[in-house]
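Enquirer: Sharing run.txt here; it has compact mmCIF, C-alpha atoms.
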```
# COMPACT_ATOMS: atom_id res chain seq x y z
CA MET A 1 3.66 29.49 14.32
CA ALA A 2 1.19 26.60 14.07
CA ASN A 3 1.53 26.83 10.31
CA PHE A 4 5.32 26.47 10.53
CA LEU A 5 5.05 23.49 12.90
CA VAL A 6 2.60 21.71 10.60
CA TRP A 7 4.95 22.32 7.67
CA CYS A 8 7.84 20.83 9.64
CA VAL A 9 5.82 17.72 10.53
CA TRP A 10 4.66 17.41 6.92
CA VAL A 11 8.16 17.64 5.48
CA GLY A 12 9.49 15.11 7.99
CA ALA A 13 6.68 12.65 7.40
CA ALA A 14 6.86 13.04 3.61
CA PHE A 15 10.62 12.50 3.62
CA CYS A 16 10.32 9.36 5.80
CA CYS A 17 7.51 8.14 3.58
CA LEU A 18 9.46 8.49 0.31
CA ALA A 19 12.74 7.22 1.77
CA SER A 20 11.17 4.09 3.24
CA ALA A 21 9.20 3.46 0.01
CA LEU A 22 12.46 3.60 -1.96
CA ALA A 23 14.04 1.30 0.65
CA VAL A 24 11.23 -1.25 0.21
CA VAL A 25 11.79 -1.29 -3.53
CA SER A 26 15.60 -1.46 -3.39
CA PHE A 27 16.53 -3.78 -0.46
CA SER A 28 17.60 -7.21 -1.62
CA ASN A 29 16.41 -8.98 1.56
CA PRO A 30 12.58 -9.16 1.78
CA PHE A 31 12.78 -9.02 5.59
CA PHE A 32 14.34 -5.54 5.51
CA SER A 33 11.85 -4.50 2.85
CA ALA A 34 8.97 -5.47 5.14
CA LEU A 35 10.53 -3.55 8.05
CA ALA A 36 10.92 -0.48 5.80
CA LEU A 37 7.27 -0.79 4.81
CA ILE A 38 6.31 -0.49 8.49
CA GLY A 39 8.12 2.88 8.58
CA ASN A 40 6.28 3.90 5.42
CA LEU A 41 2.91 3.02 6.97
CA ALA A 42 3.69 4.89 10.19
CA SER A 43 4.69 8.09 8.39
CA LEU A 44 1.55 7.83 6.24
CA ALA A 45 -0.49 7.63 9.47
CA VAL A 46 1.09 10.95 10.52
CA LEU A 47 0.00 12.47 7.18
CA TYR A 48 -3.54 11.13 7.70
CA LEU A 49 -3.61 12.82 11.11
CA LEU A 50 -2.61 16.12 9.48
CA LEU A 51 -5.54 15.66 7.07
CA GLY A 52 -8.00 15.16 9.92
CA GLY A 53 -8.41 11.41 9.51
CA GLU A 54 -8.02 10.30 13.10
CA PHE A 55 -9.83 7.00 12.72
CA VAL A 56 -8.12 6.15 9.45
CA ALA A 57 -4.72 6.83 11.01
CA ALA A 58 -5.51 4.52 13.93
CA ALA A 59 -6.81 1.83 11.57
CA GLN A 60 -3.69 2.24 9.43
CA VAL A 61 -1.38 1.58 12.38
CA LEU A 62 -3.48 -1.27 13.81
CA VAL A 63 -4.54 -3.08 10.64
CA TYR A 64 -1.62 -2.37 8.31
CA GLY A 65 1.32 -1.81 10.62
CA GLY A 66 0.08 -4.50 12.98
CA ALA A 67 -1.85 -7.35 11.43
CA VAL A 68 -0.80 -7.28 7.78
CA MET A 69 2.89 -6.74 8.50
CA VAL A 70 2.97 -9.51 11.11
CA MET A 71 1.55 -11.82 8.45
CA PHE A 72 4.24 -10.70 6.00
CA LEU A 73 7.03 -11.20 8.53
CA PHE A 74 5.72 -14.67 9.45
CA VAL A 75 5.70 -15.75 5.81
CA ILE A 76 9.17 -14.31 5.17
CA ALA A 77 10.49 -16.11 8.24
CA TYR A 78 8.73 -19.31 7.17
CA LEU A 79 10.21 -19.26 3.69
CA GLY A 80 13.68 -18.74 5.11
CA ASP A 81 16.55 -16.74 3.77
CA LYS A 82 15.72 -16.48 0.10
CA THR A 83 17.22 -13.17 -0.85
CA ASP A 84 16.32 -11.68 -4.16
CA GLN A 85 18.91 -10.01 -6.35
CA ALA A 86 18.96 -6.26 -5.89
CA PRO A 87 17.50 -4.58 -8.97
CA TRP A 88 20.82 -3.05 -9.99
CA ALA A 89 22.93 -6.16 -9.24
CA SER A 90 23.10 -7.42 -12.82
CA GLY A 91 24.10 -4.06 -14.23
CA PRO A 92 21.94 -1.69 -16.25
CA SER A 93 19.66 -3.60 -18.59
CA TRP A 94 17.25 -2.30 -21.20
CA GLN A 95 14.39 -3.74 -19.13
CA ALA A 96 15.26 -1.61 -16.08
CA ALA A 97 15.72 1.49 -18.24
CA ALA A 98 12.33 0.94 -19.91
CA THR A 99 10.74 0.44 -16.49
CA VAL A 100 12.12 3.71 -15.13
CA LEU A 101 10.96 5.46 -18.30
CA ALA A 102 7.46 3.98 -17.93
CA ALA A 103 7.30 5.00 -14.26
CA ALA A 104 8.34 8.58 -15.11
CA ALA A 105 5.68 8.64 -17.82
CA ILE A 106 3.01 7.50 -15.33
CA LEU A 107 4.12 10.18 -12.85
CA THR A 108 3.92 13.03 -15.38
CA GLU A 109 0.59 11.69 -16.62
CA ILE A 110 -0.93 11.64 -13.13
CA ILE A 111 0.36 15.12 -12.27
CA VAL A 112 -0.79 16.63 -15.57
CA ALA A 113 -4.19 14.95 -15.25
CA VAL A 114 -4.70 16.22 -11.70
CA ALA A 115 -3.48 19.72 -12.60
CA LEU A 116 -5.77 19.89 -15.65
CA SER A 117 -8.88 18.59 -13.91
CA THR A 118 -8.56 20.70 -10.78
CA GLY A 119 -7.10 23.82 -12.36
CA GLY A 120 -5.55 25.23 -9.18
CA GLY A 121 -8.78 24.78 -7.23
CA LEU A 122 -7.04 22.68 -4.59
CA ALA A 123 -5.56 25.67 -2.77
CA HIS A 124 -8.69 26.44 -0.74
CA SER A 125 -10.07 23.56 1.28
CA ARG A 126 -13.46 23.69 2.96
CA PRO A 127 -13.46 24.37 6.69
CA ILE A 128 -14.19 21.29 8.78
CA SER A 129 -15.78 20.76 12.15
CA GLY A 130 -13.93 19.38 15.16
CA SER A 131 -15.48 15.93 14.82
CA PHE A 132 -14.21 15.46 11.23
CA GLY A 133 -12.87 11.93 10.84
CA SER A 134 -13.65 10.90 14.40
CA PRO A 135 -14.66 7.26 15.03
CA ALA A 136 -18.22 8.34 15.84
CA SER A 137 -18.82 10.16 12.57
CA ILE A 138 -17.07 7.47 10.50
CA GLY A 139 -19.17 4.80 12.18
CA ARG A 140 -22.37 6.76 11.59
CA LEU A 141 -21.54 7.14 7.89
CA PHE A 142 -20.69 3.45 7.60
CA LEU A 143 -24.02 2.37 9.06
CA THR A 144 -26.18 4.89 7.16
CA ASP A 145 -24.91 6.14 3.78
CA HIS A 146 -22.37 3.41 3.06
CA LEU A 147 -24.07 0.35 4.49
CA ILE A 148 -23.72 -1.65 1.25
CA ALA A 149 -19.98 -0.94 1.07
CA PHE A 150 -19.68 -2.09 4.70
CA GLU A 151 -21.50 -5.38 4.05
CA VAL A 152 -19.68 -6.08 0.77
CA THR A 153 -16.34 -5.47 2.52
CA SER A 154 -17.22 -8.03 5.18
CA ILE A 155 -18.15 -10.58 2.51
CA VAL A 156 -14.85 -9.93 0.68
CA LEU A 157 -12.93 -10.46 3.93
CA LEU A 158 -14.82 -13.71 4.56
CA VAL A 159 -14.06 -14.97 1.04
CA ALA A 160 -10.38 -14.07 1.46
CA ALA A 161 -10.21 -15.91 4.79
CA VAL A 162 -11.78 -19.02 3.24
CA GLY A 163 -9.41 -18.71 0.28
CA GLY A 164 -6.40 -18.49 2.58
CA VAL A 165 -7.49 -21.64 4.43
CA VAL A 166 -8.10 -23.51 1.16
CA LEU A 167 -4.69 -22.50 -0.24
CA GLY A 168 -2.97 -23.53 3.01
CA SER A 169 -4.66 -26.91 3.30
CA HIS A 170 -4.05 -27.64 -0.40
CA ALA A 171 -0.36 -26.93 0.10
CA ARG A 172 -0.33 -29.30 3.08
CA SER A 173 -1.83 -32.15 1.04
CA LEU A 174 0.79 -31.55 -1.66
CA GLU A 175 3.50 -31.77 0.96
CA GLY A 176 1.99 -35.07 2.17
CA ASP A 177 2.11 -36.40 -1.41
CA ALA A 178 5.74 -35.46 -1.72
CA ARG A 179 6.62 -37.32 1.50
CA SER A 180 4.74 -40.56 0.74
CA MET B 1 -6.08 24.69 6.88
CA HIS B 2 -2.66 24.90 8.50
CA GLY B 3 0.41 23.74 6.66
CA PRO B 4 0.62 22.56 3.04
CA ASP B 5 -2.52 22.57 0.94
CA VAL B 6 -4.02 19.47 -0.65
CA THR B 7 -1.92 19.76 -3.83
CA TRP B 8 1.21 18.73 -1.95
CA TYR B 9 -0.49 15.64 -0.57
CA VAL B 10 -1.75 14.66 -4.02
CA VAL B 11 1.74 15.05 -5.54
CA LEU B 12 3.19 12.93 -2.71
CA ALA B 13 0.51 10.31 -3.37
CA ALA B 14 1.42 10.25 -7.07
CA VAL B 15 5.12 9.82 -6.28
CA LEU B 16 4.34 6.98 -3.84
CA PHE B 17 2.17 5.26 -6.44
CA VAL B 18 4.96 5.51 -9.01
CA ILE B 19 7.59 4.14 -6.59
CA GLY B 20 5.29 1.18 -5.94
CA ALA B 21 4.74 0.66 -9.68
CA LEU B 22 8.51 0.76 -10.18
CA GLY B 23 8.90 -1.96 -7.57
CA VAL B 24 6.24 -4.14 -9.20
CA LEU B 25 7.92 -3.79 -12.59
CA VAL B 26 11.58 -4.12 -11.58
CA ARG B 27 11.64 -6.70 -8.77
CA ARG B 28 11.32 -10.43 -9.39
CA SER B 29 10.58 -11.78 -5.91
CA PRO B 30 6.79 -12.14 -5.48
CA LEU B 31 7.12 -11.09 -1.81
CA ILE B 32 8.62 -7.73 -2.73
CA ILE B 33 6.07 -7.33 -5.53
CA LEU B 34 3.31 -7.72 -2.92
CA LEU B 35 5.00 -5.13 -0.69
CA SER B 36 5.21 -2.74 -3.66
CA VAL B 37 1.50 -3.26 -4.37
CA GLU B 38 0.91 -2.22 -0.77
CA ILE B 39 2.83 1.01 -1.44
CA MET B 40 0.66 1.68 -4.50
CA LEU B 41 -2.53 1.10 -2.49
CA ASN B 42 -1.25 3.44 0.22
CA GLY B 43 -0.54 6.12 -2.37
CA SER B 44 -4.12 5.92 -3.60
CA ASN B 45 -5.35 5.97 0.01
CA LEU B 46 -3.41 9.17 0.67
CA ALA B 47 -5.03 10.78 -2.38
CA LEU B 48 -8.49 9.67 -1.22
CA ILE B 49 -8.01 11.11 2.26
CA ALA B 50 -6.50 14.34 0.90
CA PHE B 51 -9.50 14.87 -1.37
CA ALA B 52 -11.86 14.02 1.49
CA ARG B 53 -10.20 16.84 3.47
CA HIS B 54 -10.48 19.16 0.47
CA VAL B 55 -14.19 18.55 -0.03
CA GLY B 56 -14.83 18.61 3.72
CA ARG B 57 -16.77 15.33 3.72
CA GLU B 58 -15.75 11.99 5.20
CA ASP B 59 -16.85 9.74 2.34
CA GLY B 60 -13.29 9.56 1.02
CA GLN B 61 -12.13 8.21 4.37
CA ILE B 62 -14.83 5.51 4.22
CA PHE B 63 -13.46 4.58 0.80
CA ALA B 64 -9.91 4.47 2.19
CA ILE B 65 -10.99 2.06 4.94
CA ALA B 66 -12.63 -0.16 2.31
CA VAL B 67 -9.36 -0.09 0.33
CA MET B 68 -7.51 -1.17 3.49
CA ALA B 69 -9.84 -4.16 3.89
CA ILE B 70 -9.34 -5.12 0.23
CA ALA B 71 -5.56 -4.81 0.70
CA ALA B 72 -5.73 -7.13 3.71
CA SER B 73 -7.63 -9.77 1.75
CA GLU B 74 -5.26 -9.38 -1.21
CA VAL B 75 -2.32 -10.02 1.13
CA VAL B 76 -4.00 -13.14 2.55
CA VAL B 77 -4.50 -14.67 -0.90
CA GLY B 78 -1.12 -13.54 -2.23
CA LEU B 79 0.81 -14.85 0.76
CA GLY B 80 -1.17 -18.10 0.58
CA LEU B 81 -0.03 -18.52 -3.02
CA ILE B 82 3.57 -17.71 -2.09
CA VAL B 83 3.53 -20.22 0.78
CA ALA B 84 2.11 -22.85 -1.59
CA MET B 85 4.95 -22.06 -4.02
CA GLY B 86 7.49 -22.33 -1.22
CA ARG B 87 6.14 -25.72 -0.12
CA ARG B 88 6.32 -27.10 -3.65
CA ASN B 89 9.93 -25.87 -3.84
CA VAL B 90 9.14 -23.62 -6.78
CA GLU B 91 11.76 -20.93 -7.10
CA LEU B 92 10.39 -17.56 -5.95
CA ASP B 93 11.03 -15.67 -9.16
CA VAL B 94 8.18 -14.36 -11.25
CA ASP B 95 10.27 -14.51 -14.44
CA LYS B 96 10.63 -18.26 -14.05
CA LEU B 97 6.93 -18.98 -13.46
CA ARG B 98 5.88 -19.56 -17.06
CA THR B 99 3.81 -22.73 -16.83
CA LEU B 100 0.67 -20.85 -17.88
CA ARG B 101 2.32 -19.36 -20.96
CA GLY B 102 0.64 -20.67 -24.13
```
Represent the structure of the file as structure tokens.
Expert:
Amino acid sequence: MANFLVWCVWVGAAFCCLASALAVVSFSNPFFSALALIGNLASLAVLYLLLGGEFVAAAQVLVYGGAVMVMFLFVIAYLGDKTDQAPWASGPSWQAAATVLAAAAILTEIIVAVALSTGGGLAHSRPISGSFGSPASIGRLFLTDHLIAFEVTSIVLLVAAVGGVVLGSHARSLEGDARS
Amino acid sequence: MHGPDVTWYVVLAAVLFVIGALGVLVRRSPLIILLSVEIMLNGSNLALIAFARHVGREDGQIFAIAVMAIAASEVVVGLGLIVAMGRRNVELDVDKLRTLRG
């Protein structure tokens, strides 16, 4: 019974995930694309919960679905209504056909590579304890085994924040030049 | 493990990655290209977390959180560039940005 319920949740989340990803790629208005991406992130958080990643699911909703998407929506609202042409608007072109072909090639390559390197060994996962993926164990790992990754991540975030400020203030000075 | 085994998650991750790659290649608005890059990063995150579950260790989840932080910083810089383009009244179309072409 539990098995059936988990399958149902998985199928629902996977369907929402793929449908909203396709919506992001195919909407002509970037605002709707950003809203579809929020649905994609939420259904991915459900999949993370099924995989035992409680903390990652919470971080996904807070950081991605919250902070990053608010930033996206602010910028889209700031830039105004600049709709892009839908990818199929100008009719089928050789570029689009080549792109779809390349994407299909990447997909088969990934699947064949994973199938060859794992050889059906993915069917039996290790048993996990109840605290798998809990904030406490993730925090302990971050501050013991992966301390360097933790510190480097904070430096990268600092550099990105400084870069964002520099780009913004540079744009403001350009705007001042244009006015004067 | 209840429900589908890790193979299904990995296949879903591959399909997500490919949808994102399709968006990056087909679309011309830099905003939608950034959103598609987010889909690709999320596909790789799903694969990382699925393999972490398979191995029974949390290191993959640590890696996924690091990827999230990198994605956030990438969005900051990318959106900063797009806002700078918007303020200079450059048309938001990556096919028309060819100033750097030799």
Enquirer: If we count all atoms listed in the file, what is near segment 93-100 of chain A at a cut-off of 7 Å, once residues fewer than 4 positions away on the same chain are taken out, given as a VMD selection string?
Expert: (chain A and resid 104) or (chain B and resid 22 25 to 26)
Enquirer: Considering only C-alpha atoms, can you say which of B:Arg101, B:Met40, B:Leu92, B:Gly23 comes closest to chain A?
Expert: B:Gly23
Enquirer: Which one of B:Val75, B:Val18, B:Ala47, B:Met85 sits closest to Gln61 of chain B if you count only C-alpha atoms?
Expert: B:Ala47
Enquirer: One number please: atom CA of Ala160 of chain A to atom CA of Ser73 of chain B, in Å, one decimal.
Expert: 5.1 Å
Enquirer: Using all atoms listed in the file, which of A:Asn40, A:Ser125, A:Ser28, A:Thr108 sits nearest chain B?
Expert: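 For chain B, the nearest of the given residues is A:Ser125.
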Enquirer: Which residues, written as a list in words, have at least one atom at most 12 Å from Thr118 of chain A, with all atoms listed in the file counted and residues fewer than 4 positions away on the same chain left out?
Expert: Ile111, Val112, Ala113, Val114, Leu122, Ala123 and His124 of chain A; Val6, Thr7, Val10, Phe51 and His54 of chain B
Enquirer: Which residues are near Ser20 of chain A? Cut-off 7 Å, all atoms listed in the file, ignore same chain within fewer than 3 positions. Put them as a VMD selection string.
Expert: chain A and resid 16 to 17 23 to 24 36 to 37 39 to 40
Enquirer: Looking at B:Leu81, B:Ala72, B:Tyr9, B:Phe17, which one is nearest to Ala52 of chain B, with distances taken over all atoms listed in the file?
Expert: B:Tyr9
Enquirer: Of the residues B:Leu48, B:Ala84, B:Val37, B:Leu100, which is the one nearest to Ala71 of chain B, using all atoms listed in the file?
Expert: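 So, comparing all the options, the nearest one is B:Val37.
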Enquirer: Edge lengths and centre in Å to one decimal, as JSON, is what I'm after for the box along x, y and z that holds all listed atoms of segment 105-124 of chain A once 6 Å is added on each side.
Expert:
```
{"center_x": -1.6, "center_y": 17.0, "center_z": -9.3, "size_x": 26.6, "size_y": 30.9, "size_z": 29.1}
```
Enquirer: Report the distance between atom CA of Ser169 of chain A and atom CA of Thr99 of chain B in Å, rounded to one decimal place.
Expert: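 Between atom CA of Ser169 of chain A and atom CA of Thr99 of chain B the gap is 22.2 Å.
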Enquirer: What are the residues of chain B lining chain A at 7 Å or less? Count only C-alpha atoms, and put the answer as a ChimeraX atom specification.
Expert: /B:1-7,11,14-16,18-19,21-23,25-27,29,31-32,36,39,50,53-56,58,61-62,65-66,69,72-73,76-77,80-81,84,86-87
Enquirer: Determine, counting all atoms listed in the file, which protein, DNA and RNA residues have an atom within 9 Å of an atom of Val67 of chain B; residues of the same chain fewer than 6 positions away are not included. Present the result as a compact mmCIF listing (two decimals) with C-alpha atoms, in the coordinates of the input.
Expert:
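Ended up saving to result.txt:
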```
# COMPACT_ATOMS: atom_id res chain seq x y z
CA LEU B 41 -2.53 1.10 -2.49
CA ASN B 42 -1.25 3.44 0.22
CA SER B 44 -4.12 5.92 -3.60
CA ASN B 45 -5.35 5.97 0.01
```
Enquirer: Report the distance between atom CA of Leu116 of chain A and atom CA of Met68 of chain B in Å, rounded to one decimal place.
Expert: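 Interatomic distance here is 28.5 Å.
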Enquirer: Smallest atom-to-atom distance to Glu38 of chain B: which of A:Ala58, A:Ile38, A:Leu143, A:Ala13, using all atoms listed in the file?
Expert: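 Once distances to Glu38 of chain B are computed over all atoms listed in the file, the minimum belongs to A:Ile38.
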